[in-house]
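Q: Contents are mmCIF, C-alpha atoms; file name target.cif:
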data_run
loop_
_atom_site.label_atom_id
_atom_site.label_comp_id
_atom_site.auth_asym_id
_atom_site.auth_seq_id
_atom_site.Cartn_x
_atom_site.Cartn_y
_atom_site.Cartn_z
CA MET H 1 -70.54 -11.96 48.69
CA SER H 2 -71.16 -12.00 44.94
CA ARG H 3 -73.25 -14.64 43.17
CA GLU H 4 -70.12 -15.87 41.40
CA ALA H 5 -68.26 -16.30 44.70
CA ASP H 6 -71.27 -18.12 46.23
CA LEU H 7 -71.43 -20.56 43.34
CA ALA H 8 -67.65 -21.16 43.38
CA ARG H 9 -67.80 -21.85 47.11
CA ALA H 10 -70.70 -24.29 46.66
CA LEU H 11 -68.65 -26.14 44.04
CA ASP H 12 -65.59 -26.27 46.28
CA THR H 13 -67.52 -27.66 49.22
CA CYS H 14 -69.32 -30.36 47.24
CA PRO H 15 -68.00 -33.80 48.29
CA VAL H 16 -66.37 -35.83 45.51
CA GLY H 17 -67.52 -39.35 44.80
CA MET H 18 -70.85 -41.06 45.36
CA ALA H 19 -71.64 -38.99 48.44
CA GLY H 20 -71.91 -35.80 46.42
CA TRP H 21 -72.98 -36.87 42.92
CA ARG H 22 -76.48 -35.40 43.07
CA GLN H 23 -75.22 -32.20 44.70
CA PHE H 24 -72.50 -31.95 42.03
CA GLU H 25 -75.04 -32.20 39.22
CA LYS H 26 -77.26 -29.63 40.88
CA ILE H 27 -74.55 -27.05 41.49
CA CYS H 28 -72.96 -27.55 38.06
CA THR H 29 -76.34 -27.12 36.35
CA GLU H 30 -76.96 -23.98 38.39
CA ILE H 31 -73.55 -22.59 37.37
CA LEU H 32 -74.02 -23.42 33.69
CA GLU H 33 -77.47 -21.85 33.72
CA TYR H 34 -76.05 -18.73 35.35
CA LEU H 35 -73.24 -18.54 32.80
CA PHE H 36 -75.00 -19.40 29.56
CA THR H 37 -78.71 -18.55 29.72
CA PRO H 38 -79.59 -16.57 27.75
CA PRO H 39 -78.75 -17.02 24.90
CA LEU H 40 -79.09 -20.77 25.67
CA GLY H 41 -82.54 -21.85 26.82
CA LYS H 42 -83.34 -23.11 30.32
CA PRO H 43 -81.76 -26.48 31.11
CA ILE H 44 -83.70 -29.71 30.69
CA GLU H 45 -82.49 -32.04 33.43
CA GLN H 46 -82.45 -35.83 33.20
CA ALA H 47 -83.76 -35.58 29.66
CA HIS H 48 -84.68 -39.11 28.63
CA THR H 49 -85.59 -40.60 25.27
CA TYR H 50 -89.13 -41.74 24.46
CA SER H 51 -88.45 -45.31 25.53
CA GLY H 52 -86.50 -44.13 28.57
CA VAL H 53 -83.42 -46.10 27.52
CA ASN H 54 -81.11 -43.07 27.35
CA ARG H 55 -81.06 -40.50 30.10
CA ARG H 56 -78.79 -37.48 29.64
CA ASP H 57 -77.75 -35.48 32.69
CA VAL H 58 -78.73 -32.11 31.28
CA VAL H 59 -79.26 -30.47 27.90
CA PHE H 60 -79.51 -26.77 27.11
CA PRO H 61 -81.54 -25.73 24.06
CA ASN H 62 -79.45 -23.71 21.60
CA ARG H 63 -81.64 -21.57 19.39
CA MET H 64 -78.79 -19.51 17.99
CA ILE H 65 -79.54 -20.53 14.45
CA GLU H 66 -78.81 -16.98 13.30
CA GLU H 67 -75.52 -15.33 14.25
CA GLY H 68 -76.77 -12.69 16.69
CA HIS H 69 -74.89 -9.64 17.94
CA THR H 70 -73.36 -10.26 21.37
CA PRO H 71 -70.17 -12.33 21.86
CA ALA H 72 -72.27 -15.01 23.62
CA GLU H 73 -74.74 -15.21 20.73
CA LYS H 74 -71.90 -15.40 18.23
CA ASN H 75 -70.14 -18.17 20.16
CA TRP H 76 -73.22 -20.37 20.49
CA HIS H 77 -74.10 -19.78 16.86
CA LEU H 78 -70.59 -20.89 15.89
CA LEU H 79 -71.03 -24.08 17.91
CA TYR H 80 -74.46 -24.62 16.38
CA LYS H 81 -73.05 -24.17 12.89
CA GLU H 82 -70.01 -26.41 13.40
CA HIS H 83 -71.73 -29.27 15.25
CA ASP H 84 -75.44 -28.90 14.53
CA ALA H 85 -75.61 -28.35 18.29
CA ARG H 86 -79.33 -27.71 18.57
CA LEU H 87 -79.14 -29.04 22.12
CA VAL H 88 -75.93 -28.74 24.11
CA LEU H 89 -75.34 -31.88 26.17
CA PHE H 90 -73.58 -31.84 29.55
CA GLU H 91 -72.64 -35.03 31.41
CA PHE H 92 -71.42 -34.82 34.99
CA LYS H 93 -68.74 -37.11 36.48
CA ASN H 94 -68.12 -36.47 40.15
CA TYR H 95 -65.53 -39.22 40.49
CA ASP H 96 -63.23 -39.62 43.46
CA ALA H 97 -60.66 -42.44 43.16
CA THR H 98 -62.09 -43.83 39.91
CA GLU H 99 -60.70 -42.34 36.71
CA ILE H 100 -62.88 -40.81 34.04
CA GLY H 101 -61.97 -43.17 31.21
CA HIS H 102 -62.83 -44.08 27.64
CA GLU H 103 -66.10 -45.82 28.55
CA GLU H 104 -67.58 -42.59 29.88
CA ILE H 105 -66.60 -40.88 26.63
CA ILE H 106 -68.22 -43.60 24.51
CA GLN H 107 -71.37 -43.30 26.61
CA THR H 108 -71.45 -39.52 26.06
CA ALA H 109 -70.87 -39.95 22.32
CA ASN H 110 -73.82 -42.36 22.18
CA TYR H 111 -76.07 -39.64 23.54
CA LEU H 112 -75.12 -37.34 20.66
CA THR H 113 -77.85 -38.32 18.25
CA LYS H 114 -79.03 -36.54 15.12
CA THR H 115 -81.65 -34.54 17.02
CA ILE H 116 -79.23 -33.36 19.72
CA GLY H 117 -76.21 -32.53 17.59
CA ARG H 118 -72.55 -33.41 17.76
CA LEU H 119 -71.34 -31.41 20.75
CA GLY H 120 -71.08 -32.98 24.20
CA ILE H 121 -69.36 -31.58 27.27
CA VAL H 122 -68.17 -33.76 30.14
CA VAL H 123 -67.95 -31.85 33.40
CA GLY H 124 -65.77 -33.71 35.86
CA SER H 125 -64.33 -33.42 39.32
CA LYS H 126 -61.03 -33.99 37.50
CA LEU H 127 -59.70 -34.29 33.97
CA PRO H 128 -60.37 -37.58 32.16
CA ASN H 129 -57.42 -39.94 31.75
CA ASP H 130 -55.24 -40.48 28.66
CA SER H 131 -57.40 -43.26 27.32
CA ALA H 132 -60.42 -40.93 27.40
CA HIS H 133 -58.45 -38.30 25.47
CA HIS H 134 -57.52 -40.87 22.80
CA GLN H 135 -61.11 -42.09 22.65
CA ARG H 136 -62.49 -38.65 21.98
CA ASN H 137 -59.96 -38.17 19.17
CA THR H 138 -61.15 -41.43 17.59
CA ILE H 139 -64.79 -40.42 17.98
CA TYR H 140 -64.12 -37.09 16.32
CA THR H 141 -62.20 -38.68 13.46
CA ASN H 142 -64.88 -41.31 12.80
CA ASP H 143 -68.14 -39.47 13.54
CA HIS H 144 -67.26 -35.77 13.78
CA LYS H 145 -68.73 -35.72 17.27
CA GLU H 146 -66.83 -33.38 19.54
CA ILE H 147 -66.55 -33.98 23.26
CA LEU H 148 -65.02 -31.26 25.40
CA PHE H 149 -63.73 -31.73 28.93
CA LEU H 150 -64.50 -29.22 31.66
CA THR H 151 -63.27 -29.42 35.24
CA LYS H 152 -64.37 -27.60 38.37
CA GLU H 153 -61.46 -25.21 37.76
CA HIS H 154 -62.88 -24.35 34.33
CA LEU H 155 -66.28 -23.63 35.87
CA LYS H 156 -64.65 -21.33 38.42
CA GLU H 157 -62.64 -19.65 35.66
CA MET H 158 -65.86 -18.92 33.77
CA LEU H 159 -67.44 -17.52 36.95
CA ASP H 160 -64.43 -15.19 37.26
CA MET H 161 -64.82 -14.22 33.61
CA LYS H 162 -68.47 -13.38 34.17
CA ALA H 163 -67.58 -11.38 37.29
CA ARG H 164 -65.13 -9.18 35.38
CA GLY H 165 -67.47 -8.69 32.42
CA ASP H 166 -65.82 -11.14 29.99
CA GLU H 167 -67.91 -13.64 28.04
CA PRO H 168 -67.67 -17.09 29.73
CA SER H 169 -68.45 -19.06 26.55
CA ASN H 170 -65.14 -17.75 25.12
CA LEU H 171 -63.53 -20.52 27.17
CA ILE H 172 -65.69 -23.17 25.47
CA VAL H 173 -64.71 -21.85 22.04
CA ASP H 174 -61.02 -21.69 23.03
CA LEU H 175 -61.13 -25.27 24.39
CA GLU H 176 -62.66 -26.33 21.11
CA GLU H 177 -59.83 -24.67 19.14
CA LEU H 178 -57.28 -26.23 21.48
CA PHE H 179 -58.86 -29.61 20.75
CA TYR H 180 -58.60 -28.99 17.00
CA VAL H 181 -54.94 -28.00 17.28
CA GLN H 182 -54.09 -31.05 19.41
CA HIS H 183 -56.21 -33.50 17.44
CA GLU H 184 -54.23 -36.28 15.74
CA MET S 1 -48.52 0.70 57.56
CA ALA S 2 -51.65 -1.21 56.60
CA HIS S 3 -53.86 1.33 58.35
CA THR S 4 -52.13 4.32 56.68
CA LEU S 5 -52.47 2.70 53.28
CA LEU S 6 -56.14 1.83 53.67
CA SER S 7 -56.97 5.43 54.47
CA SER S 8 -54.95 6.88 51.58
CA ILE S 9 -56.08 4.64 48.72
CA ASN S 10 -59.17 5.85 46.89
CA ASN S 11 -60.99 2.51 46.70
CA PRO S 12 -61.34 -0.47 49.01
CA VAL S 13 -58.54 -2.97 48.61
CA GLU S 14 -57.85 -6.33 50.17
CA MET S 15 -54.68 -6.44 52.16
CA CYS S 16 -52.92 -9.39 53.68
CA VAL S 17 -49.70 -9.81 55.55
CA ILE S 18 -47.61 -12.72 54.31
CA LYS S 19 -45.02 -13.92 56.75
CA ASP S 20 -43.34 -17.17 57.63
CA ILE S 21 -44.52 -18.83 54.43
CA LYS S 22 -42.45 -21.93 53.81
CA ASN S 23 -43.38 -23.12 50.32
CA GLN S 24 -45.20 -22.66 47.06
CA GLN S 25 -48.28 -24.59 48.20
CA GLU S 26 -48.88 -22.13 51.03
CA PHE S 27 -48.55 -19.24 48.59
CA GLU S 28 -51.01 -20.86 46.20
CA ARG S 29 -53.47 -21.46 49.03
CA ILE S 30 -53.37 -17.77 49.92
CA PHE S 31 -53.88 -16.65 46.32
CA SER S 32 -56.69 -19.17 45.80
CA SER S 33 -58.55 -17.75 48.76
CA PHE S 34 -58.52 -14.23 47.33
CA SER S 35 -61.93 -12.97 46.33
CA GLY S 36 -63.18 -11.66 42.99
CA PRO S 37 -61.11 -10.52 40.04
CA LYS S 38 -62.23 -6.92 40.46
CA ASP S 39 -60.42 -6.50 43.77
CA ILE S 40 -56.87 -5.37 44.34
CA HIS S 41 -54.75 -7.45 46.67
CA ILE S 42 -51.78 -5.96 48.43
CA CYS S 43 -49.51 -8.52 50.02
CA LEU S 44 -47.23 -7.10 52.64
CA MET S 45 -44.25 -9.42 52.64
CA THR S 46 -42.19 -9.66 55.76
CA ASP S 47 -39.35 -11.78 57.08
CA GLN S 48 -38.29 -13.11 53.70
CA SER S 49 -35.47 -12.37 51.33
CA SER S 50 -36.39 -10.48 48.18
CA ALA S 51 -34.97 -13.24 45.98
CA TRP S 52 -37.15 -15.83 47.72
CA ILE S 53 -40.26 -13.70 47.26
CA GLN S 54 -39.50 -13.16 43.57
CA GLN S 55 -39.10 -16.89 43.12
CA MET S 56 -42.41 -17.64 44.87
CA LEU S 57 -44.24 -15.04 42.80
CA PHE S 58 -42.80 -16.53 39.64
CA GLN S 59 -43.82 -20.05 40.65
CA THR S 60 -47.34 -19.03 41.58
CA GLU S 61 -47.88 -16.82 38.53
CA GLY S 62 -50.13 -19.41 36.91
CA ILE S 63 -52.81 -19.21 39.56
CA ILE S 64 -52.70 -15.40 39.70
CA ARG S 65 -52.89 -15.20 35.92
CA LYS S 66 -55.70 -17.72 35.62
CA ARG S 67 -57.88 -15.80 38.02
CA ALA S 68 -56.71 -12.45 36.59
CA LEU S 69 -55.98 -11.28 40.12
CA ALA S 70 -54.43 -7.89 40.69
CA VAL S 71 -51.70 -8.72 43.19
CA PHE S 72 -49.05 -6.26 44.35
CA ALA S 73 -46.25 -7.56 46.53
CA VAL S 74 -44.95 -4.94 48.92
CA LEU S 75 -41.56 -5.73 50.42
CA MET S 76 -41.39 -4.53 54.01
CA GLY S 77 -37.82 -3.52 54.67
CA ARG S 78 -35.27 -1.56 52.73
CA PHE S 79 -34.98 -3.30 49.37
CA ASN S 80 -33.67 -1.88 46.12
CA ILE S 81 -35.69 -3.86 43.61
CA SER S 82 -36.96 -2.15 40.50
CA TYR S 83 -40.02 -3.64 38.87
CA ASP S 84 -38.73 -5.00 35.62
CA PHE S 85 -40.74 -5.50 32.40
CA PHE S 86 -40.12 -9.24 32.52
CA SER S 87 -40.94 -9.69 36.24
CA SER S 88 -43.80 -12.05 36.92
CA GLN S 89 -45.72 -9.81 39.35
CA PRO S 90 -45.50 -6.17 40.39
CA ILE S 91 -43.17 -5.75 43.34
CA ILE S 92 -43.09 -2.50 45.26
CA SER S 93 -40.06 -1.79 47.40
CA SER S 94 -38.11 1.15 48.69
CA THR S 95 -34.69 1.83 50.11
CA GLY S 96 -36.20 4.63 52.17
CA ASP S 97 -38.26 4.52 55.36
CA ILE S 98 -41.73 3.11 55.85
CA LYS S 99 -43.32 6.47 55.08
CA GLU S 100 -41.64 6.58 51.69
CA LEU S 101 -42.68 3.01 50.94
CA SER S 102 -46.23 3.78 51.98
CA GLY S 103 -46.30 6.82 49.67
CA LYS S 104 -45.03 4.75 46.78
CA VAL S 105 -47.63 2.02 47.31
CA THR S 106 -50.43 4.60 47.53
CA GLU S 107 -49.33 6.28 44.30
CA ILE S 108 -49.07 3.01 42.35
CA ILE S 109 -52.39 1.62 43.55
CA ASN S 110 -54.21 4.88 42.91
CA ASN S 111 -52.65 4.93 39.43
CA TYR S 112 -53.84 1.37 38.88
CA LEU S 113 -57.38 2.33 39.87
CA ARG S 114 -57.44 5.09 37.24
CA ILE S 115 -56.75 2.71 34.37
CA ASP S 116 -59.86 2.20 32.29
CA PHE S 117 -59.24 0.81 28.81
CA GLY S 118 -62.84 1.57 27.90
CA ARG S 119 -61.81 5.23 27.74
CA ILE S 120 -59.21 4.80 25.03
CA LYS S 121 -59.50 4.03 21.33
CA PRO S 122 -57.73 1.11 19.61
CA TRP S 123 -55.11 3.37 17.95
CA SER S 124 -54.53 5.06 21.26
CA LEU S 125 -53.80 1.66 22.82
CA GLU S 126 -51.00 1.22 20.28
CA ASN S 127 -49.51 4.57 21.28
CA LEU S 128 -49.86 3.64 24.93
CA VAL S 129 -48.06 0.34 24.36
CA LYS S 130 -45.30 2.18 22.51
CA ASP S 131 -44.87 4.53 25.47
CA VAL S 132 -44.94 1.64 27.94
CA LEU S 133 -42.16 -0.08 26.01
CA LYS S 134 -40.14 3.14 26.03
CA ALA S 135 -40.66 3.50 29.77
CA TYR S 136 -39.23 0.00 30.25
CA HIS S 137 -36.14 0.70 28.13
CA PHE S 138 -37.10 -0.80 24.78
CA GLU S 139 -35.33 1.12 22.02
CA GLY S 140 -35.69 1.98 18.35
CA ILE S 141 -39.43 1.47 18.39
CA THR S 142 -40.79 1.65 14.85
CA LEU S 143 -44.45 1.48 13.96
CA THR S 144 -44.92 -0.79 10.97
CA TYR S 145 -48.42 0.34 10.03
CA SER S 146 -49.12 0.92 6.36
CA ASP S 147 -52.29 1.35 4.35
CA HIS S 148 -50.92 -0.87 1.62
CA VAL S 149 -48.96 -3.67 3.24
CA ASP S 150 -49.79 -5.92 6.17
CA PHE S 151 -46.49 -6.37 8.00
CA GLY S 152 -48.09 -8.76 10.48
CA TYR S 153 -46.91 -6.80 13.49
CA ASP S 154 -47.65 -3.31 14.76
CA MET S 155 -44.14 -2.38 15.80
CA MET S 156 -40.55 -3.52 15.96
CA CYS S 157 -37.95 -2.62 18.56
CA THR S 158 -34.86 -3.80 20.41
CA TYR S 159 -34.14 -4.57 24.03
CA THR S 160 -30.77 -4.90 25.70
CA ARG S 161 -30.63 -7.47 28.48
CA ASN S 162 -28.84 -6.51 31.63
CA ASP S 163 -26.59 -9.58 31.47
CA ASP S 164 -22.80 -9.90 31.20
CA MET S 165 -22.98 -9.87 27.39
CA LEU S 166 -25.53 -7.02 27.22
CA THR S 167 -27.45 -9.22 24.78
CA LYS S 168 -29.45 -7.26 22.25
CA GLU S 169 -32.82 -8.74 21.28
CA ASN S 170 -35.08 -7.91 18.32
CA TRP S 171 -38.75 -7.78 19.23
CA LEU S 172 -41.87 -7.90 17.06
CA ILE S 173 -44.88 -6.44 18.82
CA GLU S 174 -48.54 -7.03 18.02
CA VAL S 175 -51.24 -5.09 19.86
CA LYS S 176 -54.82 -6.34 20.17
CA TYR S 177 -57.64 -4.17 21.42
CA ALA S 178 -59.86 -6.70 23.18
CA ALA S 179 -63.22 -4.99 22.72
CA GLU S 180 -62.79 -5.27 18.94
CA ASP S 181 -61.00 -8.56 18.58
CA ARG S 182 -59.85 -10.88 21.32
CA LEU S 183 -56.77 -13.07 21.13
CA THR S 184 -57.59 -16.56 19.91
CA ILE S 185 -55.56 -19.71 19.24
CA ARG S 186 -56.24 -19.41 15.53
CA TYR S 187 -54.95 -15.85 15.50
CA ILE S 188 -51.75 -16.70 17.41
CA ASP S 189 -51.16 -19.61 15.07
CA SER S 190 -51.38 -17.36 11.98
CA LEU S 191 -49.01 -14.82 13.54
CA ILE S 192 -46.40 -17.51 14.20
CA LYS S 193 -46.58 -18.65 10.59
CA GLN S 194 -46.15 -15.07 9.42
CA ASN S 195 -43.16 -14.66 11.71
CA ARG S 196 -41.58 -17.81 10.35
CA ASP S 197 -41.93 -16.61 6.77
CA HIS S 198 -41.04 -12.93 6.94
CA TYR S 199 -38.82 -12.13 9.89
CA PRO S 200 -35.34 -13.12 11.10
CA ALA S 201 -35.43 -16.41 12.99
CA ASP S 202 -34.06 -14.87 16.18
CA SER S 203 -36.86 -12.28 16.43
CA LYS S 204 -38.86 -12.49 19.61
CA VAL S 205 -42.61 -12.08 19.54
CA MET S 206 -44.69 -10.14 22.04
CA LEU S 207 -48.49 -9.96 21.99
CA VAL S 208 -50.04 -7.16 23.97
CA THR S 209 -53.75 -6.98 24.75
CA ASN S 210 -55.91 -5.07 27.17
CA GLY S 211 -58.03 -8.21 27.56
CA THR S 212 -57.63 -11.44 29.49
CA LEU S 213 -56.68 -14.81 28.04
CA THR S 214 -58.46 -18.04 28.89
CA THR S 215 -56.52 -20.99 30.34
CA ALA S 216 -57.06 -22.80 27.02
CA ILE S 217 -54.97 -20.14 25.27
CA TRP S 218 -52.30 -20.21 27.98
CA THR S 219 -52.16 -24.02 27.60
CA TYR S 220 -51.66 -23.60 23.87
CA ILE S 221 -48.87 -21.04 24.34
CA GLU S 222 -47.11 -23.24 26.91
CA GLY S 223 -47.38 -26.14 24.45
CA LEU S 224 -45.69 -24.06 21.76
CA GLN S 225 -42.78 -23.46 24.10
CA ASP S 226 -42.52 -27.08 25.26
CA LYS S 227 -43.09 -28.90 21.99
CA GLN S 228 -41.96 -26.52 19.25
CA ASN S 229 -39.54 -24.27 21.13
CA ILE S 230 -41.53 -21.22 20.02
CA SER S 231 -41.59 -18.54 22.65
CA ILE S 232 -44.22 -15.81 22.72
CA LEU S 233 -44.34 -13.23 25.45
CA ILE S 234 -47.89 -12.34 26.34
CA VAL S 235 -48.68 -9.06 28.05
CA ASP S 236 -52.35 -9.35 28.96
CA GLY S 237 -54.55 -6.62 30.38
CA ARG S 238 -53.67 -7.46 33.97
CA LYS S 239 -49.93 -7.32 33.32
CA LEU S 240 -50.29 -4.18 31.19
CA CYS S 241 -52.14 -2.40 34.01
CA GLY S 242 -49.36 -3.34 36.42
CA LEU S 243 -46.71 -1.98 34.06
CA ILE S 244 -48.58 1.29 33.49
CA ALA S 245 -49.32 1.85 37.18
CA PHE S 246 -45.64 2.34 37.97
CA HIS S 247 -45.44 5.36 35.65
CA SER S 248 -47.56 8.33 36.73
CA ASN S 249 -46.71 10.23 33.54
CA LEU S 250 -48.44 7.52 31.46
CA ILE S 251 -51.47 7.62 33.74
CA ASN S 252 -51.72 11.40 33.47
CA GLU S 253 -51.41 11.31 29.70
CA TYR S 254 -53.74 8.44 28.88
CA PHE S 255 -56.14 8.36 31.81
CA PRO S 256 -56.51 11.99 32.95
CA TYR S 257 -59.06 12.84 35.64
CA GLU S 258 -62.42 13.59 34.04
#
Would it be possible to restate this file's structure as structure tokens?

A:
Amino acid sequence: MSREADLARALDTCPVGMAGWRQFEKICTEILEYLFTPPLGKPIEQAHTYSGVNRRDVVFPNRMIEEGHTPAEKNWHLLYKEHDARLVLFEFKNYDATEIGHEEIIQTANYLTKTIGRLGIVVGSKLPNDSAHHQRNTIYTNDHKEILFLTKEHLKEMLDMKARGDEPSNLIVDLEELFYVQHE
Amino acid sequence: MAHTLLSSINNPVEMCVIKDIKNQQEFERIFSSFSGPKDIHICLMTDQSSAWIQQMLFQTEGIIRKRALAVFAVLMGRFNISYDFFSSQPIISSTGDIKELSGKVTEIINNYLRIDFGRIKPWSLENLVKDVLKAYHFEGITLTYSDHVDFGYDMMCTYTRNDDMLTKENWLIEVKYAAEDRLTIRYIDSLIKQNRDHYPADSKVMLVTNGTLTTAIWTYIEGLQDKQNISILIVDGRKLCGLIAFHSNLINEYFPYE
């Protein structure tokens, strides 16, 4: 079986909720690393601030300060340019019955400091609720911080893209454009 | 039949027999379990009416499209269904015996396996699309290319629906060669604006690409239909391959054996 199929299967078999939260983070990080590095740097897991107050799930260094040549390099440069995304933040929410709501989005936005940049990606076992969608619109309007939502289905779609030779980060850029179009 | 097919198709394919399926969820479960996007899946459909199968394929198109799966439905039994340009998925059927059906499936799948867009140039893709449209009964195809003026679309043509009124539709066609420039939301948005400004309101828009669209783009296109009543027909690389595979003359012309 291919690496992509192995990773998709691992994601599908990961239990939702508390029972599988650590496993979910681990498999998602593995998938994101497989999809995006290089050009992104190796992931820094549980990256905490100096005082230890803030602890992000994972950040990927983005050194695409110049445009580059490949579609992947161009995409990550675009995201760097638009959001000063020197580090790309991923937060994982392996929720079962609980909804992914506006509080989770506020928490993610708080992690987007000047040194990290203004791009955060919430990877969930499901899509966040309406209130979370409204919250991210408000955050973008007020602070120009952009928070994208990825689900397990999106991760599997990107694995399929990689398997057929397409560039997986195209989905991130398309989700960003979809957000811009739908923003109000 | 499965055994005969497996030995006569040039590459490995995945084959499943679909019978006694009751609903859409069961169909979706089967398609979800299919492996990688590089494989070809032949579904031998038995014990169902052709209309029911067409309906199921239409309802499960989203999942097949999202995973860019190559799925061919083969109707076991004597059915007279021609694969139409606007059908959701390729359906192979025959009014003849099982041997004839088997021959037809083999030819179409082997055609499909010969398609390699990496072998053709962008301008050649436009010619190919023009010939595909002709093969599926589009008429009056006019290329709109000019060195001086950007008409917004690559070609214009008409299509007559096979309904009681024989409704004639005007189509604007734009072709995108994915290796050079993939379809993006921004691009589709600009095309729509162009259409609104320069073409008759009843013109239908078709975007053809040899590439694959992300679900974000499909979501955007569905939103256009739901919220703004703007309809765009997308023929992506997977659909285009399916359309070409049914016409051996196109395969021989554009993808000759090396």

Q: Could you please select, counting only C-alpha atoms, the residues of chain H within 7 Å of chain S and state them as a list in words?

A: Glu157, Asp160, Arg164, Leu171, Asp174, Leu175, Glu177 and Leu178 of chain H

Q: Residues picked by the PyMOL selection byres ((chain H and resi 92) around 6) here, as a ChimeraX atom specification?

A: /H:91,93,122-124

Q: As an exercise, work out the distance from CA of Gln54 in chain S to CA of Gln89 in chain S in Å and give it to one decimal place.

A: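 Interatomic distance, CA of Gln54 in chain S to CA of Gln89 in chain S: 8.2 Å.
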
Q: Which residues of range 76-160 of chain H come within 8 Å of range 54-69 of chain H, and for each one, what is the closest pair of atoms and their distance in Å to one decimal, counting only C-alpha atoms, sorted by chain and residue number, as CSV?

A:
residue,atom,partner,partner_atom,distance
H:Trp76,CA,H:Met64,CA,6.2
H:His77,CA,H:Met64,CA,4.8
H:Leu78,CA,H:Glu67,CA,7.6
H:Tyr80,CA,H:Ile65,CA,6.8
H:Lys81,CA,H:Ile65,CA,7.6
H:Ala85,CA,H:Asn62,CA,6.9
H:Arg86,CA,H:Asn62,CA,5.0
H:Leu87,CA,H:Pro61,CA,4.5
H:Val88,CA,H:Phe60,CA,5.1
H:Leu89,CA,H:Val59,CA,4.5
H:Phe90,CA,H:Val58,CA,5.4
H:Glu91,CA,H:Asp57,CA,5.3
H:Phe92,CA,H:Asp57,CA,6.8
H:Tyr111,CA,H:Arg56,CA,7.0

Q: Quick one: everything within 9 Å of Glu99 in chain H, counting only C-alpha atoms, minus sequence neighbours fewer than 6 positions away in the same chain. Send it as a ChimeraX atom specification.

A: /H:126-129

Q: Write out as a list of chain:residue names which residues come within 7 Å of range 236-249 of chain S when counting all atoms listed in the file, dropping same-chain ones fewer than 3 positions away.

A: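 Using all atoms listed in the file, the neighbours found are S:Ala68, S:Ala70, S:Pro90, S:Ile108, S:Asn111, S:Tyr112, S:Ile115, S:Val132, S:Val208, S:Thr209, S:Asn210, S:Gly211, S:Thr212, S:Asn252, S:Glu253.
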
Q: Take the PyMOL selection byres ((chain S and resi 59) around 10), apply it to the structure above, and return the hits as a PyMOL selection string.

A: chain S and resi 24-25+27-28+53-58+60-63+88

Q: List as a ChimeraX atom specification the protein and nucleic acid residues near Ile81 in chain S, meaning an atom at most 9 Å away when all atoms listed in the file are counted, but skip any in the same chain fewer than 3 places from it.

A: /S:50,84,91-95

Q: Name the closest residue to Asn162 in chain S among the candidates S:Gln225, S:Leu191, S:Thr106, S:His137; distances are taken between atoms, counting all atoms listed in the file.

A: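 Residue with the minimum atom-to-atom distance to Asn162 in chain S: S:His137.
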
Q: Can you measure CA of Thr138 in chain H to CA of Glu153 in chain H for me? One decimal in Å is fine.

A: 25.9 Å

Q: Restricting the calculation to only C-alpha atoms: of H:Ala132, H:Leu150, H:Leu159, H:Ala72, which residue gets closest to Gly101 in chain H?

A: H:Ala132

Q: So what does the PyMOL selection byres ((chain H and resi 108) around 8) actually pick up in this one, as a list in words?

A: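 Written out, the selection comes to Glu91, Glu104, Ile105, Ile106, Gln107, Ala109, Asn110, Tyr111, Leu112, Gly120, Val122 and Ile147 of chain H.
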
Q: Hey, which of H:Tyr95, H:Tyr140, H:Phe179, H:Phe149 ends up closest to Pro15 in chain H? Count all atoms listed in the file.

A: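 Nearest to Pro15 in chain H: H:Tyr95.
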
Q: So how many Å separate CA of Arg3 in chain H and CA of Gly118 in chain S, to one decimal?

A: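 These atoms are spaced 24.6 Å apart.
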
Q: So that I can check the surroundings of Leu155 in chain H, please list as a PyMOL selection string every protein, DNA and RNA residue that reaches within 10 Å of it, counting all atoms listed in the file and ignoring chain neighbours fewer than 3 positions away.

A: chain H and resi 7-8+11+28+31-32+35+123+150-152+158-161+168+171
